[in-house]
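Structure data (mmCIF, C-alpha atoms) from start-v4.cif:
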```cif
data_query
loop_
_atom_site.label_atom_id
_atom_site.label_comp_id
_atom_site.auth_asym_id
_atom_site.auth_seq_id
_atom_site.Cartn_x
_atom_site.Cartn_y
_atom_site.Cartn_z
CA MET L 8 -99.85 -19.21 -42.83
CA GLU L 9 -102.66 -19.21 -40.30
CA LEU L 10 -104.38 -22.10 -42.06
CA MET L 11 -101.12 -24.05 -42.04
CA GLN L 12 -100.70 -23.38 -38.34
CA ILE L 13 -104.26 -24.55 -37.61
CA GLY L 14 -103.66 -27.68 -39.68
CA SER L 15 -100.42 -28.45 -37.87
CA MET L 16 -102.18 -28.00 -34.53
CA LEU L 17 -104.91 -30.45 -35.55
CA ILE L 18 -102.42 -33.17 -36.48
CA SER L 19 -99.89 -32.36 -33.78
CA GLN L 20 -98.89 -35.24 -31.51
CA GLU L 21 -96.76 -33.14 -29.18
CA ASN L 22 -97.73 -32.40 -25.59
CA PRO L 23 -100.74 -34.74 -25.52
CA TRP L 24 -103.39 -34.29 -22.86
CA LEU L 25 -102.92 -37.28 -20.53
CA PRO L 26 -105.25 -38.41 -17.71
CA GLU L 27 -104.49 -37.58 -14.11
CA GLN L 28 -102.40 -40.22 -12.35
CA LEU L 29 -104.91 -40.80 -9.54
CA LEU L 30 -107.79 -41.05 -12.02
CA SER L 31 -105.80 -43.46 -14.16
CA LYS L 32 -105.03 -45.74 -11.19
CA THR L 33 -108.65 -45.68 -10.06
CA TYR L 34 -109.86 -46.52 -13.56
CA LEU L 35 -107.40 -49.42 -13.77
CA SER L 36 -108.94 -51.09 -10.71
CA VAL L 37 -112.57 -50.27 -11.48
CA SER L 38 -112.40 -51.21 -15.15
CA TRP L 39 -110.81 -54.60 -14.49
CA ALA L 40 -113.34 -55.22 -11.71
CA VAL L 41 -116.20 -54.61 -14.16
CA VAL L 42 -114.58 -56.81 -16.81
CA LEU L 43 -113.94 -59.67 -14.37
CA VAL L 44 -117.51 -59.54 -13.04
CA ALA L 45 -118.83 -59.66 -16.60
CA MET L 46 -116.59 -62.62 -17.41
CA GLY L 47 -117.75 -64.39 -14.27
CA LEU L 48 -121.40 -63.82 -15.14
CA GLY L 49 -120.68 -65.05 -18.66
CA VAL L 50 -119.30 -68.31 -17.28
CA VAL L 51 -122.37 -68.67 -15.05
CA ARG L 52 -124.71 -68.17 -18.00
CA TRP L 53 -122.70 -70.66 -20.05
CA LEU L 54 -123.01 -73.26 -17.27
CA LYS L 55 -126.73 -72.64 -17.10
CA GLY L 56 -127.07 -73.12 -20.82
CA SER L 57 -124.94 -76.27 -20.84
CA GLY L 58 -127.56 -78.22 -18.92
CA ASP L 59 -127.70 -79.24 -15.30
CA VAL L 60 -125.58 -76.83 -13.29
CA ALA L 61 -125.33 -79.27 -10.42
CA LYS L 62 -123.58 -81.78 -12.68
CA SER L 63 -121.19 -79.11 -13.94
CA VAL L 64 -120.08 -77.59 -10.66
CA GLY L 65 -121.54 -79.86 -8.01
CA GLY L 66 -124.42 -79.22 -5.68
CA GLY L 67 -124.95 -77.46 -2.40
CA SER L 68 -122.39 -74.83 -1.42
CA ALA L 69 -120.31 -75.37 -4.57
CA ARG L 70 -123.25 -74.47 -6.77
CA PHE L 71 -124.07 -71.42 -4.66
CA TRP L 72 -120.44 -70.26 -4.82
CA VAL L 73 -120.22 -70.50 -8.59
CA MET L 74 -123.68 -69.16 -9.37
CA ALA L 75 -123.99 -66.31 -6.88
CA VAL L 76 -120.68 -65.40 -5.25
CA TRP L 77 -117.84 -66.18 -7.65
CA PRO L 78 -118.44 -63.39 -10.25
CA TRP L 79 -118.61 -60.71 -7.59
CA ALA L 80 -115.63 -62.18 -5.73
CA LEU L 81 -113.60 -61.62 -8.89
CA GLY L 82 -114.65 -57.98 -8.92
CA ILE L 83 -113.71 -57.52 -5.26
CA TRP L 84 -110.36 -59.16 -5.94
CA ALA L 85 -109.66 -56.55 -8.62
CA LEU L 86 -110.37 -53.73 -6.15
CA LEU L 87 -107.86 -54.90 -3.54
CA PRO L 88 -104.70 -52.83 -3.07
CA ALA L 89 -101.59 -53.86 -4.99
CA PRO L 90 -99.91 -56.31 -5.18
CA TRP L 91 -102.78 -58.50 -3.95
CA SER L 92 -105.15 -57.12 -6.56
CA ALA L 93 -105.94 -58.90 -9.81
CA SER L 94 -106.08 -55.54 -11.56
CA TYR L 95 -102.46 -54.87 -10.59
CA TRP L 96 -101.16 -57.94 -12.41
CA LEU L 97 -103.60 -57.62 -15.28
CA GLY L 98 -102.51 -54.01 -15.68
CA LEU L 99 -98.87 -55.05 -15.89
CA ALA L 100 -99.72 -57.58 -18.61
CA PHE L 101 -102.48 -55.80 -20.57
CA GLN L 102 -102.67 -52.24 -19.17
CA SER L 103 -106.22 -50.88 -18.74
CA PRO L 104 -109.28 -52.04 -20.69
CA SER L 105 -110.64 -49.54 -23.17
CA LEU L 106 -113.60 -47.36 -22.31
CA LEU L 107 -115.63 -49.29 -24.88
CA THR L 108 -114.79 -52.65 -23.31
CA THR L 109 -115.57 -51.35 -19.83
CA GLY L 110 -118.87 -49.89 -21.03
CA LEU L 111 -119.93 -53.07 -22.81
CA CYS L 112 -119.07 -55.17 -19.76
CA ALA L 113 -120.97 -52.74 -17.50
CA VAL L 114 -124.04 -53.08 -19.73
CA TYR L 115 -123.69 -56.87 -19.64
CA VAL L 116 -123.49 -56.85 -15.83
CA ALA L 117 -126.48 -54.49 -15.59
CA GLN L 118 -128.51 -56.77 -17.85
CA GLY L 119 -127.69 -59.71 -15.60
CA VAL L 120 -128.65 -57.88 -12.43
CA ARG L 121 -131.67 -55.85 -13.59
CA PRO L 122 -132.69 -56.86 -17.12
CA LYS L 123 -135.74 -54.58 -17.15
CA LEU L 124 -133.58 -51.51 -16.65
CA MET L 125 -131.64 -52.20 -19.84
CA PHE L 126 -132.72 -52.68 -23.41
CA SER L 127 -134.65 -55.77 -24.26
CA ALA L 128 -134.93 -57.77 -27.44
CA GLN L 129 -138.12 -55.93 -28.35
CA SER L 130 -136.55 -52.51 -27.92
CA GLN L 131 -133.45 -53.24 -29.97
CA THR L 132 -135.24 -54.10 -33.24
CA PHE L 133 -132.04 -54.08 -35.27
CA ALA L 134 -132.44 -54.50 -38.99
CA ASN L 135 -131.27 -58.00 -39.89
CA TRP L 136 -128.79 -59.17 -42.47
CA ARG L 137 -128.62 -62.77 -43.66
CA LEU L 138 -125.39 -64.68 -43.04
CA ASN L 139 -125.56 -68.07 -44.78
CA GLY L 140 -129.31 -68.22 -44.32
CA ARG L 141 -129.29 -66.97 -40.73
CA GLN L 142 -130.41 -63.49 -39.74
CA VAL L 143 -127.74 -61.40 -38.00
CA PRO L 144 -128.21 -57.80 -36.79
CA SER L 145 -126.61 -55.80 -39.60
CA ALA L 146 -125.60 -52.90 -37.35
CA LEU L 147 -123.78 -55.21 -34.94
CA LEU L 148 -122.13 -57.10 -37.79
CA GLY L 149 -120.92 -53.90 -39.43
CA LEU L 150 -119.50 -52.53 -36.18
CA ALA L 151 -117.79 -55.85 -35.43
CA LEU L 152 -116.17 -55.96 -38.88
CA CYS L 153 -114.98 -52.36 -38.52
CA GLY L 154 -113.51 -53.13 -35.10
CA ILE L 155 -111.70 -56.22 -36.39
CA ALA L 156 -110.28 -54.36 -39.40
CA PHE L 157 -109.15 -51.42 -37.29
CA GLY L 158 -107.55 -53.77 -34.75
CA TRP L 159 -105.53 -55.41 -37.52
CA LEU L 160 -104.45 -51.97 -38.74
CA LEU L 161 -103.25 -51.04 -35.24
CA LEU L 162 -101.42 -54.37 -34.92
CA LEU L 163 -99.63 -53.93 -38.24
CA ASP L 164 -98.75 -50.37 -37.26
CA THR L 165 -97.37 -51.56 -33.91
CA LEU L 166 -95.23 -54.18 -35.66
CA ASN L 167 -94.04 -51.45 -38.08
CA LEU L 168 -95.36 -53.39 -41.06
CA VAL L 169 -97.26 -50.33 -42.25
CA HIS L 170 -95.66 -46.91 -42.01
CA LEU L 171 -98.70 -44.81 -41.23
CA GLN L 172 -98.13 -44.05 -37.52
CA VAL L 173 -101.77 -44.82 -36.84
CA PHE L 174 -101.36 -45.20 -33.09
CA ALA L 175 -99.44 -41.95 -32.75
CA TRP L 176 -102.24 -40.13 -34.59
CA GLY L 177 -104.51 -41.12 -31.71
CA PHE L 178 -102.99 -38.33 -29.62
CA SER L 179 -103.88 -35.64 -32.16
CA PRO L 180 -107.01 -33.44 -31.98
CA LEU L 181 -107.87 -34.50 -35.53
CA ALA L 182 -108.29 -38.14 -34.43
CA VAL L 183 -110.65 -37.07 -31.64
CA ALA L 184 -112.68 -34.98 -34.09
CA LEU L 185 -112.82 -37.92 -36.50
CA CYS L 186 -114.09 -40.23 -33.77
CA LEU L 187 -116.73 -37.67 -32.82
CA CYS L 188 -117.91 -37.59 -36.43
CA VAL L 189 -118.05 -41.39 -36.49
CA ALA L 190 -120.03 -41.40 -33.22
CA TRP L 191 -122.53 -38.92 -34.71
CA GLY L 192 -122.72 -41.07 -37.83
CA CYS L 193 -123.40 -44.19 -35.77
CA ALA L 194 -126.13 -42.37 -33.86
CA TRP L 195 -127.72 -41.27 -37.12
CA GLY L 196 -127.33 -44.71 -38.72
CA LEU L 197 -128.73 -46.57 -35.71
CA SER L 198 -131.74 -44.25 -35.50
CA GLY L 199 -133.44 -46.36 -38.16
CA ALA L 200 -132.15 -49.67 -36.83
CA THR L 201 -133.14 -49.47 -33.17
CA THR L 202 -135.71 -47.69 -31.08
CA ASN L 203 -133.51 -47.67 -27.98
CA SER L 204 -131.92 -44.32 -27.20
CA PHE L 205 -129.17 -45.92 -25.11
CA VAL L 206 -127.84 -47.83 -28.12
CA LYS L 207 -128.03 -44.80 -30.41
CA TRP L 208 -126.18 -42.38 -28.14
CA ALA L 209 -123.68 -44.79 -26.55
CA GLY L 210 -120.87 -43.73 -28.91
CA LEU L 211 -121.31 -40.04 -28.18
CA PHE L 212 -121.48 -40.74 -24.45
CA LEU L 213 -118.24 -42.71 -24.65
CA MET L 214 -116.49 -39.92 -26.54
CA THR L 215 -117.75 -37.38 -24.01
CA VAL L 216 -116.26 -39.42 -21.17
CA TYR L 217 -112.99 -39.66 -23.07
CA MET L 218 -112.77 -35.92 -23.76
CA LEU L 219 -113.46 -35.09 -20.12
CA THR L 220 -111.08 -37.66 -18.59
CA ARG L 221 -108.69 -38.75 -21.40
CA LEU L 222 -108.91 -42.29 -20.04
CA PRO L 223 -107.25 -44.69 -20.18
CA THR L 224 -103.96 -43.41 -21.70
CA GLY L 225 -104.77 -40.16 -23.48
CA ASN L 226 -104.82 -41.93 -26.85
CA VAL L 227 -108.28 -42.09 -28.42
CA TRP L 228 -107.57 -45.50 -29.97
CA ASP L 229 -106.96 -46.94 -26.49
CA ALA L 230 -110.40 -45.67 -25.51
CA LEU L 231 -112.05 -47.53 -28.38
CA MET L 232 -110.04 -50.74 -28.80
CA ASP L 233 -107.93 -53.13 -26.75
CA PRO L 234 -106.63 -56.67 -27.32
CA LEU L 235 -109.38 -58.23 -25.19
CA LEU L 236 -112.17 -56.62 -27.22
CA TRP L 237 -110.39 -57.32 -30.51
CA ILE L 238 -110.06 -61.04 -29.72
CA TYR L 239 -113.67 -61.20 -28.56
CA LEU L 240 -114.87 -59.69 -31.86
CA HIS L 241 -113.03 -62.45 -33.74
CA VAL L 242 -114.57 -65.14 -31.54
CA TRP L 243 -118.05 -63.59 -31.86
CA LEU L 244 -117.82 -63.44 -35.66
CA ILE L 245 -116.44 -66.98 -35.95
CA ARG L 246 -119.19 -68.34 -33.71
CA ARG L 247 -121.80 -66.53 -35.79
CA TRP L 248 -120.29 -67.97 -38.96
CA PHE L 249 -120.16 -71.58 -37.74
CA SER L 250 -123.61 -71.41 -36.14
CA SER L 251 -125.01 -70.28 -39.49
CA LYS L 252 -123.59 -73.41 -41.14
CA ILE L 253 -125.21 -75.81 -38.66
#
```
Would you mind writing the file's structure down as structure tokens?
Amino acid sequence: MELMQIGSMLISQENPWLPEQLLSKTYLSVSWAVVLVAMGLGVVRWLKGSGDVAKSVGGGSARFWVMAVWPWALGIWALLPAPWSASYWLGLAFQSPSLLTTGLCAVYVAQGVRPKLMFSAQSQTFANWRLNGRQVPSALLGLALCGIAFGWLLLLDTLNLVHLQVFAWGFSPLAVALCLCVAWGCAWGLSGATTNSFVKWAGLFLMTVYMLTRLPTGNVWDALMDPLLWIYLHVWLIRRWFSSKI
């Protein structure tokens, strides 16, 4: 009987531990600010790579606005009080970004501001896997494929096309324990693929933040996946595929 009670507690979805309301509101603004700054910096890097920036956005003050001010203006806009804040309207439409999306965007912003403080190409040293003749980091490809597959599973579960109650299981202690095991497995698997400690322990750090705060919704799947990240993984994989055919 005791074993059955322990098992029922592990899979129980009742009385989930939810984040504090003030913490949840603060995370909504800060997370969208980080995401918008990262998107702005991404547009700036794309304009730089497309050729002459002056031809793309104009010269003088217009160039300065786009290159230096615009990404950070987006972040400030997200931190304004509602209803003037971008995070307020984005939260109504998409809720909060996942912890993983926020962390990836924060790393992207940090690389753009102080590249030497983050991991470099030499320190990553991922083992490569060939995709149509092109070398692709196998660890990144495997994680991207897992994220895409899991996103499809959550979508089918949301549409009630599969009767597994996958999203509801995200509130159970068993799901958190499973994610911890996966994070340990990723740390162990990446130990031979990269020499950078930040990459190896990022999953465990993310799970630690989730267990301490339960952000963003109390569901562990919301901490790992959101529609924005799921769509980006599709775009990243498709771009990799088509670039390998050129």
Hits of the PyMOL selection byres ((chain L and resi 173) around 12) in this structure, as a PDB file with C-alpha atoms, in the coordinates of the input:
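Output file out.pdb follows:
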```
ATOM      1  CA  ILE L  18    -102.420 -33.170 -36.480  1.00  0.00           C
ATOM      2  CA  GLN L  20     -98.890 -35.240 -31.510  1.00  0.00           C
ATOM      3  CA  PHE L 157    -109.150 -51.420 -37.290  1.00  0.00           C
ATOM      4  CA  GLY L 158    -107.550 -53.770 -34.750  1.00  0.00           C
ATOM      5  CA  TRP L 159    -105.530 -55.410 -37.520  1.00  0.00           C
ATOM      6  CA  LEU L 160    -104.450 -51.970 -38.740  1.00  0.00           C
ATOM      7  CA  LEU L 161    -103.250 -51.040 -35.240  1.00  0.00           C
ATOM      8  CA  LEU L 162    -101.420 -54.370 -34.920  1.00  0.00           C
ATOM      9  CA  LEU L 163     -99.630 -53.930 -38.240  1.00  0.00           C
ATOM     10  CA  ASP L 164     -98.750 -50.370 -37.260  1.00  0.00           C
ATOM     11  CA  THR L 165     -97.370 -51.560 -33.910  1.00  0.00           C
ATOM     12  CA  LEU L 166     -95.230 -54.180 -35.660  1.00  0.00           C
ATOM     13  CA  ASN L 167     -94.040 -51.450 -38.080  1.00  0.00           C
ATOM     14  CA  LEU L 168     -95.360 -53.390 -41.060  1.00  0.00           C
ATOM     15  CA  VAL L 169     -97.260 -50.330 -42.250  1.00  0.00           C
ATOM     16  CA  HIS L 170     -95.660 -46.910 -42.010  1.00  0.00           C
ATOM     17  CA  LEU L 171     -98.700 -44.810 -41.230  1.00  0.00           C
ATOM     18  CA  GLN L 172     -98.130 -44.050 -37.520  1.00  0.00           C
ATOM     19  CA  PHE L 174    -101.360 -45.200 -33.090  1.00  0.00           C
ATOM     20  CA  ALA L 175     -99.440 -41.950 -32.750  1.00  0.00           C
ATOM     21  CA  TRP L 176    -102.240 -40.130 -34.590  1.00  0.00           C
ATOM     22  CA  GLY L 177    -104.510 -41.120 -31.710  1.00  0.00           C
ATOM     23  CA  PHE L 178    -102.990 -38.330 -29.620  1.00  0.00           C
ATOM     24  CA  SER L 179    -103.880 -35.640 -32.160  1.00  0.00           C
ATOM     25  CA  ALA L 182    -108.290 -38.140 -34.430  1.00  0.00           C
ATOM     26  CA  ASN L 226    -104.820 -41.930 -26.850  1.00  0.00           C
ATOM     27  CA  VAL L 227    -108.280 -42.090 -28.420  1.00  0.00           C
ATOM     28  CA  TRP L 228    -107.570 -45.500 -29.970  1.00  0.00           C
ATOM     29  CA  ASP L 229    -106.960 -46.940 -26.490  1.00  0.00           C
TER      30      ASP L 229
END
```
Atomic distance atom CA of Ala113 of chain L - atom CA of Leu25 of chain L, expressed in Å with one decimal: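 Between atom CA of Ala113 of chain L and atom CA of Leu25 of chain L the gap is 24.0 Å.
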Shortest interatomic distance to Leu81 of chain L - which of L:Val44, L:Val183, L:Leu107, L:Leu150, counting only C-alpha atoms: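 Smallest distance to Leu81 of chain L is found for L:Val44.
Shortest atom-to-atom contact with Pro104 of chain L among L:Val41, L:Val116, L:Met218, L:Leu211: L:Val41, counting all atoms listed in the file.
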Distance query Ala40 of chain L at most 12 Å, all atoms listed in the file, self and fewer than 3 positions along chain excluded, as a count of residues only: 33
Nearest to Gln28 of chain L by atom-to-atom distance, counting all atoms listed in the file, from L:Gln102, L:Pro234, L:Pro223, L:Tyr239: L:Pro223
Result set, the PyMOL selection byres ((chain L and resi 153) around 12) on current file, as an NGL selection string: :L and (146-152 or 154-160 or 189 or 231-232 or 237 or 240-241 or 244)
Atom CA of Cys188 of chain L to atom CA of Lys32 of chain L, distance in Å rounded to a single decimal: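 Spanning atom CA of Cys188 of chain L to atom CA of Lys32 of chain L is a straight-line distance of 29.5 Å.
Distances here use all atoms listed in the file; by that measure, the residue among L:Leu30, L:Leu181, L:Leu213, L:Leu106 closest to Ala230 of chain L is L:Leu106.
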Computed interatomic separation between atom CA of Ser31 of chain L and atom CA of Trp208 of chain L (Å):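 One can read the atom CA of Ser31 of chain L to atom CA of Trp208 of chain L distance as 24.7 Å.
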Would you compute an axis-aligned box for segment 78-92 of chain L, covering every atom listed for it in the file with 8 Å of margin on each side, and report centre and edge lengths in Å to one decimal as JSON?
```
{"center_x": -109.3, "center_y": -58.1, "center_z": -6.7, "size_x": 34.7, "size_y": 26.6, "size_z": 23.2}
```
Nearest to Asp233 of chain L by atom-to-atom distance, counting all atoms listed in the file, from L:Val51, L:Pro90, L:Phe101, L:Trp24: L:Phe101
Residue among L:Glu27, L:Ala89, L:Leu111, L:Ala190 lying closest to Gly210 of chain L, counting all atoms listed in the file: L:Ala190
